[in-house]
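What follows is the content of upload_28.tsv, which has TSV, C-alpha atoms:
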```tsv
chain	number	residue	atom	x	y	z
A	1	THR	CA	-59.30	3.29	-14.35
A	2	GLN	CA	-59.65	0.96	-17.28
A	3	LEU	CA	-56.64	0.83	-19.58
A	4	LEU	CA	-56.11	-0.85	-22.93
A	5	GLU	CA	-52.58	-1.60	-24.04
A	6	GLN	CA	-51.77	-2.54	-27.61
A	7	SER	CA	-48.73	-4.28	-28.99
A	8	PRO	CA	-46.72	-3.88	-31.01
A	9	GLN	CA	-46.74	-0.10	-31.21
A	10	PHE	CA	-45.24	-0.12	-34.72
A	11	LEU	CA	-45.12	-2.80	-37.38
A	12	SER	CA	-43.54	-2.66	-40.83
A	13	ILE	CA	-43.94	-5.73	-43.00
A	14	GLN	CA	-43.74	-6.82	-46.62
A	15	GLU	CA	-46.83	-7.40	-48.72
A	16	GLY	CA	-48.06	-10.97	-48.36
A	17	GLU	CA	-46.88	-11.47	-44.78
A	18	ASN	CA	-49.17	-12.31	-41.86
A	19	LEU	CA	-49.35	-10.31	-38.66
A	20	THR	CA	-51.12	-10.19	-35.31
A	21	VAL	CA	-51.91	-7.14	-33.19
A	22	TYR	CA	-52.82	-7.50	-29.53
A	23	CYS	CA	-55.05	-5.50	-27.22
A	24	ASN	CA	-54.79	-6.28	-23.50
A	25	SER	CA	-56.38	-5.03	-20.33
A	26	SER	CA	-56.52	-5.93	-16.65
A	27	SER	CA	-60.24	-5.10	-16.72
A	28	VAL	CA	-63.16	-7.06	-18.10
A	29	PHE	CA	-65.06	-5.51	-20.97
A	30	SER	CA	-68.55	-6.42	-22.13
A	31	SER	CA	-67.40	-5.77	-25.69
A	32	LEU	CA	-64.37	-4.56	-27.58
A	33	GLN	CA	-64.21	-2.71	-30.84
A	34	TRP	CA	-61.46	-2.43	-33.46
A	35	TYR	CA	-61.05	0.71	-35.56
A	36	ARG	CA	-58.71	1.60	-38.41
A	37	GLN	CA	-57.55	5.14	-38.96
A	38	GLU	CA	-55.91	6.48	-42.10
A	39	PRO	CA	-53.84	9.68	-42.23
A	40	GLY	CA	-55.95	12.84	-42.03
A	41	GLU	CA	-59.13	10.95	-41.23
A	42	GLY	CA	-61.05	9.82	-38.21
A	43	PRO	CA	-61.12	6.18	-37.10
A	44	VAL	CA	-63.61	3.85	-38.79
A	45	LEU	CA	-65.13	0.83	-37.09
A	46	LEU	CA	-63.99	-2.57	-38.34
A	47	VAL	CA	-65.74	-4.90	-35.92
A	48	THR	CA	-67.30	-5.29	-32.48
A	49	VAL	CA	-66.76	-8.49	-30.48
A	50	VAL	CA	-69.18	-9.11	-27.63
A	51	THR	CA	-68.85	-12.74	-26.48
A	52	GLY	CA	-65.85	-14.28	-24.71
A	53	GLY	CA	-64.04	-16.60	-27.13
A	54	GLU	CA	-65.79	-15.06	-30.13
A	55	VAL	CA	-64.02	-15.09	-33.49
A	56	LYS	CA	-65.12	-12.79	-36.29
A	57	LYS	CA	-63.74	-12.66	-39.81
A	58	LEU	CA	-63.77	-9.71	-42.14
A	59	LYS	CA	-62.18	-10.85	-45.42
A	60	ARG	CA	-58.47	-11.28	-44.54
A	61	LEU	CA	-58.90	-9.90	-41.02
A	62	THR	CA	-59.68	-12.22	-38.10
A	63	PHE	CA	-60.70	-10.79	-34.73
A	64	GLN	CA	-60.75	-12.77	-31.51
A	65	PHE	CA	-62.12	-11.85	-28.09
A	66	GLY	CA	-60.43	-13.58	-25.17
A	67	ASP	CA	-62.41	-16.07	-23.08
A	68	ALA	CA	-62.09	-13.81	-20.03
A	69	ARG	CA	-63.07	-10.73	-22.08
A	70	LYS	CA	-59.89	-8.91	-21.05
A	71	ASP	CA	-58.03	-9.12	-24.33
A	72	SER	CA	-58.49	-9.23	-28.07
A	73	SER	CA	-56.37	-9.84	-31.13
A	74	LEU	CA	-56.45	-8.86	-34.76
A	75	HIS	CA	-54.80	-11.15	-37.28
A	76	ILE	CA	-54.24	-10.09	-40.87
A	77	THR	CA	-53.51	-12.75	-43.48
A	78	ALA	CA	-51.49	-11.86	-46.57
A	79	ALA	CA	-51.24	-8.17	-45.75
A	80	GLN	CA	-51.64	-5.67	-48.57
A	81	PRO	CA	-50.51	-2.02	-48.85
A	82	GLY	CA	-54.15	-1.01	-48.45
A	83	ASP	CA	-54.03	-2.39	-44.89
A	84	THR	CA	-51.60	0.36	-43.90
A	85	GLY	CA	-52.95	2.52	-41.10
A	86	LEU	CA	-53.37	2.95	-37.37
A	87	TYR	CA	-55.33	0.16	-35.65
A	88	LEU	CA	-57.09	1.02	-32.43
A	89	CYS	CA	-58.99	-1.14	-29.99
A	90	ALA	CA	-61.68	0.39	-27.82
A	91	GLY	CA	-63.78	-0.75	-24.91
A	92	GLY	CA	-66.71	0.58	-22.97
A	93	GLY	CA	-69.89	2.13	-24.23
A	94	PRO	CA	-73.50	1.36	-23.31
A	95	THR	CA	-73.02	-2.43	-23.42
A	96	SER	CA	-70.49	-2.05	-20.62
A	97	GLY	CA	-72.77	0.07	-18.47
A	98	THR	CA	-70.96	3.30	-19.27
A	99	TYR	CA	-71.24	5.92	-21.97
A	100	LYS	CA	-67.45	6.29	-22.15
A	101	TYR	CA	-65.31	4.57	-24.76
A	102	ILE	CA	-61.65	4.01	-23.81
A	103	PHE	CA	-59.13	3.57	-26.60
A	104	GLY	CA	-55.90	1.63	-26.69
A	105	THR	CA	-52.56	3.20	-27.51
A	106	GLY	CA	-52.74	2.06	-31.13
A	107	THR	CA	-50.65	-0.05	-33.52
A	108	ARG	CA	-49.26	1.72	-36.56
A	109	LEU	CA	-48.99	-0.74	-39.46
A	110	LYS	CA	-47.09	-0.15	-42.67
A	111	VAL	CA	-47.29	-2.71	-45.44
A	112	LEU	CA	-44.59	-2.36	-48.08
A	113	ALA	CA	-45.28	-3.34	-51.69
B	1	ASN	CA	-74.41	12.28	-46.29
B	2	ALA	CA	-72.28	14.58	-44.10
B	3	GLY	CA	-72.11	12.43	-40.94
B	4	VAL	CA	-69.90	14.23	-38.39
B	5	THR	CA	-68.44	17.58	-39.38
B	6	GLN	CA	-65.78	19.47	-37.43
B	7	THR	CA	-64.80	23.12	-37.85
B	8	PRO	CA	-62.24	24.49	-38.12
B	9	LYS	CA	-59.91	21.81	-39.47
B	10	PHE	CA	-56.75	23.74	-38.65
B	11	ARG	CA	-56.02	26.52	-36.17
B	12	VAL	CA	-52.94	28.16	-34.70
B	13	LEU	CA	-53.28	29.96	-31.38
B	14	LYS	CA	-50.97	31.88	-29.11
B	15	THR	CA	-50.71	30.91	-25.46
B	16	GLY	CA	-53.59	32.42	-23.51
B	17	GLN	CA	-55.96	32.84	-26.45
B	18	SER	CA	-59.37	31.22	-26.47
B	19	MET	CA	-61.22	29.33	-29.16
B	20	THR	CA	-64.15	27.02	-29.81
B	21	LEU	CA	-64.27	23.87	-31.89
B	22	LEU	CA	-67.64	22.99	-33.36
B	23	CYS	CA	-68.90	19.49	-34.00
B	24	ALA	CA	-72.10	18.89	-35.91
B	25	GLN	CA	-73.76	15.54	-36.65
B	26	ASP	CA	-76.74	14.89	-38.87
B	27	MET	CA	-77.50	11.32	-37.75
B	28	ASN	CA	-79.76	12.23	-34.81
B	29	HIS	CA	-77.34	10.53	-32.42
B	30	GLU	CA	-77.85	10.85	-28.68
B	31	TYR	CA	-74.23	10.55	-27.61
B	32	MET	CA	-71.38	12.83	-28.58
B	33	TYR	CA	-67.71	12.82	-27.61
B	34	TRP	CA	-64.57	14.92	-27.81
B	35	TYR	CA	-61.20	13.14	-27.95
B	36	ARG	CA	-57.66	14.36	-28.37
B	37	GLN	CA	-55.04	12.32	-30.17
B	38	ASP	CA	-51.34	12.64	-29.43
B	39	PRO	CA	-48.49	10.51	-30.81
B	40	GLY	CA	-48.18	7.18	-29.01
B	41	MET	CA	-51.18	7.84	-26.78
B	42	GLY	CA	-54.15	6.72	-28.82
B	43	LEU	CA	-57.35	8.68	-28.27
B	44	ARG	CA	-58.08	10.21	-24.88
B	45	LEU	CA	-61.59	11.26	-23.90
B	46	ILE	CA	-61.96	14.92	-22.92
B	47	HIS	CA	-65.70	15.36	-22.39
B	48	TYR	CA	-68.82	13.66	-23.57
B	49	SER	CA	-72.57	14.20	-23.70
B	50	VAL	CA	-75.41	11.70	-23.47
B	51	GLY	CA	-78.09	14.12	-24.56
B	52	GLU	CA	-79.05	17.71	-25.25
B	53	GLY	CA	-78.22	19.92	-22.28
B	54	THR	CA	-76.03	17.33	-20.54
B	55	THR	CA	-72.24	17.00	-20.41
B	56	ALA	CA	-69.76	14.94	-18.40
B	57	LYS	CA	-66.00	14.78	-17.87
B	58	GLY	CA	-63.79	12.21	-19.52
B	59	GLU	CA	-60.19	11.22	-18.80
B	60	VAL	CA	-58.49	14.57	-19.51
B	61	PRO	CA	-61.04	17.38	-18.97
B	62	ASP	CA	-58.78	20.05	-17.43
B	63	GLY	CA	-58.48	23.22	-19.49
B	64	TYR	CA	-61.54	22.45	-21.62
B	65	ASN	CA	-65.23	23.23	-21.43
B	66	VAL	CA	-68.11	21.91	-23.50
B	67	SER	CA	-71.71	22.68	-24.27
B	68	ARG	CA	-74.51	20.84	-25.99
B	69	LEU	CA	-77.36	23.29	-26.44
B	70	LYS	CA	-78.71	21.47	-29.48
B	71	LYS	CA	-78.78	17.72	-30.03
B	72	GLN	CA	-76.82	17.92	-33.25
B	73	ASN	CA	-74.03	20.18	-31.98
B	74	PHE	CA	-71.27	19.67	-29.44
B	75	LEU	CA	-68.87	22.54	-28.77
B	76	LEU	CA	-65.40	22.25	-27.24
B	77	GLY	CA	-63.92	25.40	-25.78
B	78	LEU	CA	-60.43	26.34	-24.69
B	79	GLU	CA	-60.58	29.39	-22.43
B	80	SER	CA	-56.84	29.99	-22.15
B	81	ALA	CA	-54.85	27.84	-24.55
B	82	ALA	CA	-51.57	26.26	-23.47
B	83	PRO	CA	-48.85	24.58	-25.56
B	84	SER	CA	-49.79	21.26	-23.89
B	85	GLN	CA	-53.12	21.50	-25.71
B	86	THR	CA	-51.43	21.22	-29.09
B	87	SER	CA	-53.08	18.12	-30.52
B	88	VAL	CA	-55.51	16.72	-33.05
B	89	TYR	CA	-59.05	16.83	-31.75
B	90	PHE	CA	-61.71	14.38	-32.85
B	91	CYS	CA	-65.42	14.54	-32.35
B	92	ALA	CA	-67.50	11.37	-32.45
B	93	SER	CA	-71.13	10.47	-32.12
B	94	SER	CA	-73.03	7.30	-31.38
B	95	SER	CA	-76.50	5.98	-31.01
B	96	ARG	CA	-77.85	3.02	-29.11
B	97	VAL	CA	-79.04	1.54	-32.35
B	98	SER	CA	-76.31	1.85	-34.96
B	99	GLY	CA	-75.33	0.33	-38.23
B	100	ARG	CA	-72.92	-2.50	-37.60
B	101	GLY	CA	-73.30	-3.34	-33.98
B	102	THR	CA	-73.87	-1.87	-30.60
B	103	GLY	CA	-72.44	1.57	-30.01
B	104	GLU	CA	-70.44	2.24	-33.17
B	105	LEU	CA	-68.61	5.55	-32.93
B	106	PHE	CA	-68.73	7.78	-36.01
B	107	PHE	CA	-65.83	10.22	-36.15
B	108	GLY	CA	-65.22	13.53	-37.81
B	109	GLU	CA	-62.05	14.19	-39.80
B	110	GLY	CA	-60.29	15.94	-36.94
B	111	SER	CA	-59.19	19.47	-36.07
B	112	ARG	CA	-55.47	20.13	-35.80
B	113	LEU	CA	-54.70	22.74	-33.16
B	114	THR	CA	-51.28	24.25	-32.56
B	115	VAL	CA	-50.65	26.46	-29.53
B	116	LEU	CA	-47.48	28.54	-29.71
```

Written as structure tokens, that's how I'd like the structure from this file.
Amino acid sequence: TQLLEQSPQFLSIQEGENLTVYCNSSSVFSSLQWYRQEPGEGPVLLVTVVTGGEVKKLKRLTFQFGDARKDSSLHITAAQPGDTGLYLCAGGGPTSGTYKYIFGTGTRLKVLA
Amino acid sequence: NAGVTQTPKFRVLKTGQSMTLLCAQDMNHEYMYWYRQDPGMGLRLIHYSVGEGTTAKGEVPDGYNVSRLKKQNFLLGLESAAPSQTSVYFCASSSRVSGRGTGELFFGEGSRLTVL
């Protein structure tokens, strides 16, 4: 069974600080996705990383896929209150030869103004 | 653009009662999924469907049944609700060719179910 573990589970920081969230697995994934979920809503895709060692940037968010494709990280520079939410990594799907998407345990981020 | 719509959004049941959650998507997606979300446990896959008339079990299928009689609809049923099924349920859909990359999941807003 493929498992995705995220750390930290909770993070509370001041506006302007930097942070990194980790997503780790003992299994290899063809691709990993990162989603953000706000209260009362469903998760929304932020990015998909597909190549080992790949780095993608989305404004102040930087996503990295590990060389061995077993782990990924999300780094936020100069966090803002609007970044508050639950961050989820997910693996699987058709690119991994399965229709199932497995989600990590999530990192709940709170950015204080 | 509606996307993925779930009904009902809230429901309270007594132990042993049955109910059905409806998920409807208007994006002509082939794949549909039902997840449950519990504190500290992320999203866990209950059942999924890769096309009309087909369903398959996910990680936590016990106590649930599903049907996909039409491509746009995916129903999740609880035949005899238990307190352990108290959760927030999310439906998602996906297509092979999607907006921002391979296999993006589009989620509904969730259905909060409480079983007393």

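Going from atom CA of B:Leu116 over to atom CA of B:Thr7, you cover 19.9 Å.
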
Between B:Arg44, B:Lys14, B:Arg36, B:Arg68, which is the closest to chain A once you count only C-alpha atoms? B:Arg44

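Near chain A, within 7 Å and using all atoms listed in the file, the residues of chain B are Gly40, Met41, Gly42, Leu43, Arg44, Gly101, Gly103, Glu104, Phe107, Gly108, Glu109 and Gly110 of chain B.
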
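When atom CA of A:Asp71 is paired with atom CA of A:Arg36, their separation reads 17.7 Å.
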
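Interatomic distance, atom CA of B:Tyr33 against atom CA of B:Cys91: 5.5 Å.
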
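With distances taken over all atoms listed in the file, B:Ala81 is the one residue among B:Met32, B:Ala2, B:Leu69, B:Ala81 lying closest to B:Thr15.
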
Is it possible to get the residues within 12 Å of (-58.2, -15.7, -25.9) (coordinates as in the file, counting all atoms listed in the file) written as a count of residues only? 20

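With all atoms listed in the file as the atoms that count, the residue of A:Leu19, A:Leu11, A:Leu112, A:Leu58 with the shortest distance to A:Ile76 is A:Leu19.
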
Minimum-distance residue to B:Ala82, chosen among B:Leu105, B:Val115, B:Leu21, B:Leu45 (using all atoms listed in the file): B:Val115

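Among the candidates A:Thr84, A:Thr77, A:Asn18, A:Ser12, the residue lying nearest to A:Gln37 is A:Thr84 (atoms considered: only C-alpha atoms).
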
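Using all atoms listed in the file, the shortest contact distance between A:Ala113 and any of A:Asp83, A:Thr98, A:Leu3, A:Gln14 is found at A:Gln14.
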